[in-house]
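> File coords08.txt below, compact mmCIF, C-alpha atoms:
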# COMPACT_ATOMS: atom_id res chain seq x y z
CA MET O 132 -8.79 44.70 -37.86
CA GLY O 133 -10.57 44.75 -34.48
CA LEU O 134 -14.08 43.58 -33.73
CA PRO O 135 -16.91 46.13 -33.56
CA PRO O 136 -17.79 47.27 -30.00
CA ALA O 137 -21.19 45.55 -30.22
CA LEU O 138 -19.53 42.17 -30.82
CA LEU O 139 -17.09 42.76 -27.97
CA LEU O 140 -20.03 43.28 -25.64
CA LEU O 141 -21.48 39.94 -26.76
CA CYS O 142 -18.22 38.10 -26.06
CA LEU O 143 -17.47 39.77 -22.74
CA PRO O 144 -20.21 38.04 -20.67
CA GLY O 145 -19.11 34.63 -21.92
CA CYS O 146 -15.50 35.24 -20.91
CA LEU O 147 -16.34 36.33 -17.38
CA SER O 148 -19.36 34.12 -16.58
CA LEU O 149 -17.49 31.04 -15.37
CA THR O 150 -14.85 30.51 -12.71
CA GLY O 151 -12.91 27.45 -11.55
CA PRO O 152 -9.45 25.95 -11.04
CA ARG O 153 -6.97 26.35 -13.87
CA PHE O 154 -5.01 23.22 -12.92
CA VAL O 155 -6.08 20.10 -11.03
CA THR O 156 -4.06 16.97 -10.26
CA GLY O 157 -5.20 13.47 -9.35
CA THR O 158 -3.65 10.06 -8.74
CA THR O 159 -4.11 6.93 -10.81
CA GLY O 160 -7.00 4.85 -9.49
CA SER O 161 -8.50 7.67 -7.37
CA SER O 162 -11.31 10.16 -8.05
CA LEU O 163 -10.97 13.80 -9.05
CA SER O 164 -13.64 16.52 -8.66
CA VAL O 165 -13.73 19.91 -10.39
CA GLN O 166 -16.19 22.65 -9.37
CA CYS O 167 -17.02 25.57 -11.65
CA GLY O 168 -19.01 28.58 -10.53
CA TYR O 169 -21.35 30.67 -12.71
CA GLU O 170 -23.47 33.81 -12.57
CA GLU O 171 -27.10 33.75 -11.43
CA ALA O 172 -28.22 34.59 -14.96
CA TYR O 173 -27.25 31.03 -16.00
CA LYS O 174 -29.00 29.32 -13.10
CA GLU O 175 -31.56 27.58 -15.34
CA HIS O 176 -29.20 26.79 -18.20
CA LYS O 177 -27.66 23.42 -18.93
CA LYS O 178 -24.02 22.94 -18.00
CA TYR O 179 -21.63 20.54 -19.66
CA TRP O 180 -18.07 19.21 -19.60
CA CYS O 181 -16.07 18.81 -22.79
CA ARG O 182 -12.52 17.93 -23.82
CA GLY O 183 -10.25 19.59 -26.35
CA GLN O 184 -7.53 22.14 -26.85
CA HIS O 185 -10.00 24.86 -27.83
CA ASP O 186 -13.48 25.57 -26.48
CA THR O 187 -14.88 26.03 -30.00
CA ASP O 188 -14.21 22.44 -31.08
CA CYS O 189 -14.13 20.43 -27.84
CA ASN O 190 -16.07 17.17 -27.58
CA MET O 191 -18.89 17.17 -25.03
CA ILE O 192 -18.63 14.28 -22.54
CA VAL O 193 -21.51 14.82 -20.11
CA GLU O 194 -24.17 17.52 -19.48
CA THR O 195 -26.83 18.39 -16.93
CA GLN O 196 -30.55 18.15 -17.69
CA GLY O 197 -31.66 21.30 -15.88
CA LYS O 198 -32.04 19.46 -12.57
CA GLU O 199 -29.90 18.83 -9.51
CA THR O 200 -29.66 15.11 -10.27
CA GLU O 201 -26.31 13.57 -11.18
CA GLU O 202 -25.80 12.70 -14.83
CA ARG O 203 -23.21 10.12 -15.84
CA SER O 204 -21.24 9.13 -18.88
CA GLY O 205 -19.00 6.19 -18.10
CA ARG O 206 -16.58 7.15 -15.31
CA ILE O 207 -17.44 10.87 -15.53
CA SER O 208 -20.42 12.51 -13.85
CA ILE O 209 -21.79 16.05 -13.53
CA ARG O 210 -24.21 17.63 -11.05
CA ASP O 211 -25.62 21.15 -10.93
CA HIS O 212 -26.00 23.03 -7.64
CA PRO O 213 -28.15 26.01 -8.63
CA TYR O 214 -28.54 27.32 -5.07
CA ASP O 215 -24.73 27.51 -4.83
CA LEU O 216 -24.37 28.78 -8.41
CA ALA O 217 -21.89 26.02 -9.19
CA PHE O 218 -21.70 22.60 -10.83
CA THR O 219 -19.33 19.72 -10.08
CA VAL O 220 -17.65 17.29 -12.46
CA THR O 221 -16.20 14.06 -11.04
CA ILE O 222 -13.83 11.67 -12.82
CA ARG O 223 -13.63 8.26 -11.15
CA ASN O 224 -10.88 5.65 -11.37
CA LEU O 225 -8.36 7.97 -12.97
CA ASN O 226 -5.83 6.70 -15.48
CA ALA O 227 -3.01 8.31 -17.45
CA GLU O 228 -5.23 8.84 -20.51
CA ASP O 229 -7.51 11.19 -18.54
CA ALA O 230 -4.82 13.88 -18.49
CA GLY O 231 -5.47 16.79 -20.85
CA SER O 232 -7.39 19.97 -21.53
CA TYR O 233 -11.05 20.19 -20.48
CA TRP O 234 -13.71 22.90 -20.41
CA CYS O 235 -16.54 23.83 -18.08
CA LYS O 236 -19.25 25.26 -20.32
CA ILE O 237 -22.79 26.65 -20.19
CA GLN O 238 -25.28 26.10 -22.99
CA THR O 239 -26.73 29.47 -24.12
CA VAL O 240 -29.58 28.92 -26.58
CA TRP O 241 -30.49 32.59 -26.84
CA ILE O 242 -27.28 33.51 -28.72
CA LEU O 243 -27.67 32.36 -32.32
CA ASP O 244 -25.05 34.32 -34.26
CA ALA O 245 -21.75 32.82 -35.38
CA TRP O 246 -19.65 35.34 -33.46
CA SER O 247 -20.76 34.30 -30.01
CA ARG O 248 -19.84 31.23 -27.93
CA ASP O 249 -21.05 29.34 -24.91
CA PRO O 250 -19.42 30.66 -21.72
CA SER O 251 -16.44 28.43 -20.97
CA PHE O 252 -13.57 27.97 -18.55
CA GLN O 253 -10.49 25.86 -19.32
CA VAL O 254 -9.22 23.27 -16.80
CA GLN O 255 -5.97 21.37 -17.21
CA VAL O 256 -6.08 17.88 -15.66
CA SER O 257 -2.87 16.09 -14.64
CA VAL O 258 -2.65 12.48 -13.44
CA ASN O 259 0.22 11.24 -11.29
CA PRO O 260 1.07 7.53 -10.93
CA ALA O 261 -0.02 5.87 -7.72
CA PRO O 262 2.78 5.50 -5.15
CA THR O 263 4.26 2.03 -4.88
CA THR O 264 4.56 0.39 -1.47
CA THR O 265 7.25 -2.12 -0.56
CA ARG O 266 6.50 -4.98 1.78
CA ARG O 267 9.08 -6.21 4.27
CA THR O 268 9.17 -9.92 5.01
CA THR O 269 9.84 -10.69 8.66
CA HIS O 270 10.94 -14.09 9.90
CA PRO O 271 9.90 -15.28 13.36
CA ALA O 272 12.72 -15.62 15.87
CA THR O 273 13.77 -19.19 16.60
CA SER O 274 14.31 -20.33 20.17
CA THR O 275 16.07 -23.40 21.55
CA THR O 276 13.87 -25.60 23.74
CA PHE O 277 15.17 -28.07 26.31
CA PRO O 278 13.33 -31.18 27.53
CA ALA O 279 11.58 -30.77 30.84
CA VAL O 280 13.06 -32.62 33.81
CA ILE O 281 10.56 -35.07 35.30
CA PRO O 282 11.28 -36.48 38.79
CA GLY O 283 12.18 -40.16 38.65
CA GLN O 284 12.99 -40.11 34.96
CA ASN O 285 16.17 -41.96 33.87
CA PHE O 286 18.49 -40.33 31.42
CA SER O 287 20.81 -42.24 29.14
CA THR O 288 24.26 -41.16 28.04
CA ASN O 289 22.82 -39.99 24.72
CA GLN O 290 20.33 -37.75 26.50
CA VAL O 291 23.13 -36.25 28.57
CA LEU O 292 25.19 -35.71 25.44
CA ASN O 293 22.24 -34.08 23.71
CA ARG O 294 21.83 -31.66 26.58
CA CYS O 295 25.57 -30.97 26.71
CA PRO O 296 26.61 -30.74 23.07
CA GLY O 297 29.83 -28.90 23.96
CA ILE O 298 31.44 -31.89 25.83
CA PRO O 299 33.19 -34.44 23.52
CA LEU O 300 32.47 -38.16 23.82
CA SER O 301 36.10 -39.00 24.78
CA THR O 302 35.80 -36.95 27.96
CA PHE O 303 32.93 -39.13 29.17
CA HIS O 304 34.96 -42.27 28.46
CA PHE O 305 37.91 -40.86 30.38
CA LEU O 306 35.76 -40.01 33.38
CA PHE O 307 34.14 -43.42 33.22
CA LEU O 308 37.57 -45.11 33.37
CA ILE O 309 38.76 -43.01 36.32
CA PHE O 310 35.70 -43.27 38.53
CA LEU O 311 34.56 -46.82 37.76
CA LYS O 312 37.10 -49.05 36.00
CA LEU O 313 40.25 -47.74 37.68
CA PRO O 314 39.14 -48.53 41.30
CA LEU O 315 37.97 -51.98 40.18
CA PHE O 316 41.32 -52.65 38.54
CA LEU O 317 43.30 -51.48 41.59
CA SER O 318 41.25 -53.64 43.96
CA THR O 319 41.74 -56.70 41.72
CA LEU O 320 45.47 -56.01 41.50
CA GLY O 321 45.71 -55.70 45.29
CA ALA O 322 43.95 -59.05 45.80
CA VAL O 323 46.34 -60.80 43.39
CA LEU O 324 49.41 -59.37 45.13
CA CYS O 325 48.09 -60.41 48.52
CA MET O 326 47.51 -64.02 47.35
CA SER O 327 51.00 -64.23 45.86
CA ARG O 328 52.61 -63.05 49.11
CA ARG O 329 50.84 -65.67 51.17
CA GLN O 330 51.96 -68.41 48.86
CA LYS O 331 55.65 -67.34 49.13
CA GLU O 332 55.76 -67.18 52.97
CA PRO O 333 57.51 -70.25 54.71
CA GLU O 334 55.28 -72.83 56.30
CA GLY O 335 56.83 -72.22 59.74
CA THR O 336 55.66 -68.72 59.90
CA GLN O 337 52.10 -69.76 59.59
Just give me the structure as structure tokens.

Amino acid sequence: MGLPPALLLLCLPGCLSLTGPRFVTGTTGSSLSVQCGYEEAYKEHKKYWCRGQHDTDCNMIVETQGKETEERSGRISIRDHPYDLAFTVTIRNLNAEDAGSYWCKIQTVWILDAWSRDPSFQVQVSVNPAPTTTRRTTHPATSTTFPAVIPGQNFSTNQVLNRCPGIPLSTFHFLFLIFLKLPLFLSTLGAVLCMSRRQKEPEGTQ
């Protein structure tokens, strides 16, 4: 059985009096704003924001007080902009539990019968997790430093070896024998041979 035409006329203004976004999405930790527009006939009426699957039994969260000042209830605030014929609801510090069905509504005190409702507009709120960022650890490049050469400074064999790590220690010993000990040995050997020859020569030849 359909409703009488008179009751349909009472419901029609409430169904068409509010506009807004059907779906809004925010990110965890951020803020989300929803703006609902209304007709000029409701400029002086209170506006409110409620949550629930149906507009007839939703729970009111926050409402305006007939002024342009911001009204708050926890993390949720509402502000009316009568000159723009709109009001804005802001949810701060979003979390996963904020996702769900909400309603923009206008309080109409002049309708007192059980068949009528406050004008309403449903808004579905979705909350996405915040993106995760990965940090890359960078290590500073290492460089090999060499001791500065100071004029007049004496270097030991160990210092030379430290500066030339690719040359083995036996090579230095070999070079030391060739250039220092070998000439000394040859000169000593020559002197001994010369003395022995003089001692073997006959006395007449002297």
> Find the residues near segment 202-210 of chain O: any atom within 9 Å, counting only C-alpha atoms, skip ones fewer than 2 places away on the same chain, and give them as JSON, numbers by chain.
{"O": [178, 179, 180, 192, 193, 194, 195, 196, 198, 199, 200, 212, 217, 218, 219, 220, 221, 222, 223, 224, 225]}
> For segment 148-156 of chain O, please output as a list in words all residues within 6 Å (counting only C-alpha atoms; exclusion window: fewer than 3 positions along the same chain).
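Neighbouring residues, sequence-local ones excluded: Pro144, Gly145, Cys167, Gly168, Tyr169, Glu170, Phe252, Val254, Gln255, Val256, Ser257 and Val258 of chain O.
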> Tell me, in Å to one decimal, how far atom CA of His185 of chain O is from atom CA of Asn259 of chain O.
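Here the two named atoms are 23.7 Å from each other.
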> As number ranges by chain, please: the residues near Glu175 of chain O (cut-off 8 Å, only C-alpha atoms, same-chain neighbours under 3 positions excluded).
O: 172, 197, 213
> Check the smallest atom-to-atom distance from each of O:Asp211, O:Met191, O:Gly157, O:Val165 to Ala230 of chain O using all atoms listed in the file, then report the winner.
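Of O:Asp211, O:Met191, O:Gly157, O:Val165, the one nearest Ala230 of chain O is O:Gly157, counting all atoms listed in the file.
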> Contacts of Ile237 of chain O at 8 Å or less, counting all atoms listed in the file, minus same-chain residues fewer than 2 places along, as a list of chain:residue names?
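Listing them by chain and then by number gives O:Tyr173, O:His176, O:Lys177, O:Lys178, O:Tyr179, O:Cys235, O:Thr239, O:Asp249, O:Pro250, O:Ser251.
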> Please report the interatomic distance between atom CA of Asp186 of chain O and atom CA of Glu171 of chain O in Å with one decimal.
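Separation between atom CA of Asp186 of chain O and atom CA of Glu171 of chain O: 21.9 Å.
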> Between atom CA of Arg248 of chain O and atom CA of Leu163 of chain O, measure the distance and give it in Å to one decimal.
27.2 Å
> Please determine, counting only C-alpha atoms, which residue among O:Leu320, O:Met326, O:Cys181, O:Ala227 has the shortest atom-to-atom distance to Ser161 of chain O.
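Of O:Leu320, O:Met326, O:Cys181, O:Ala227, the one nearest Ser161 of chain O is O:Ala227, counting only C-alpha atoms.
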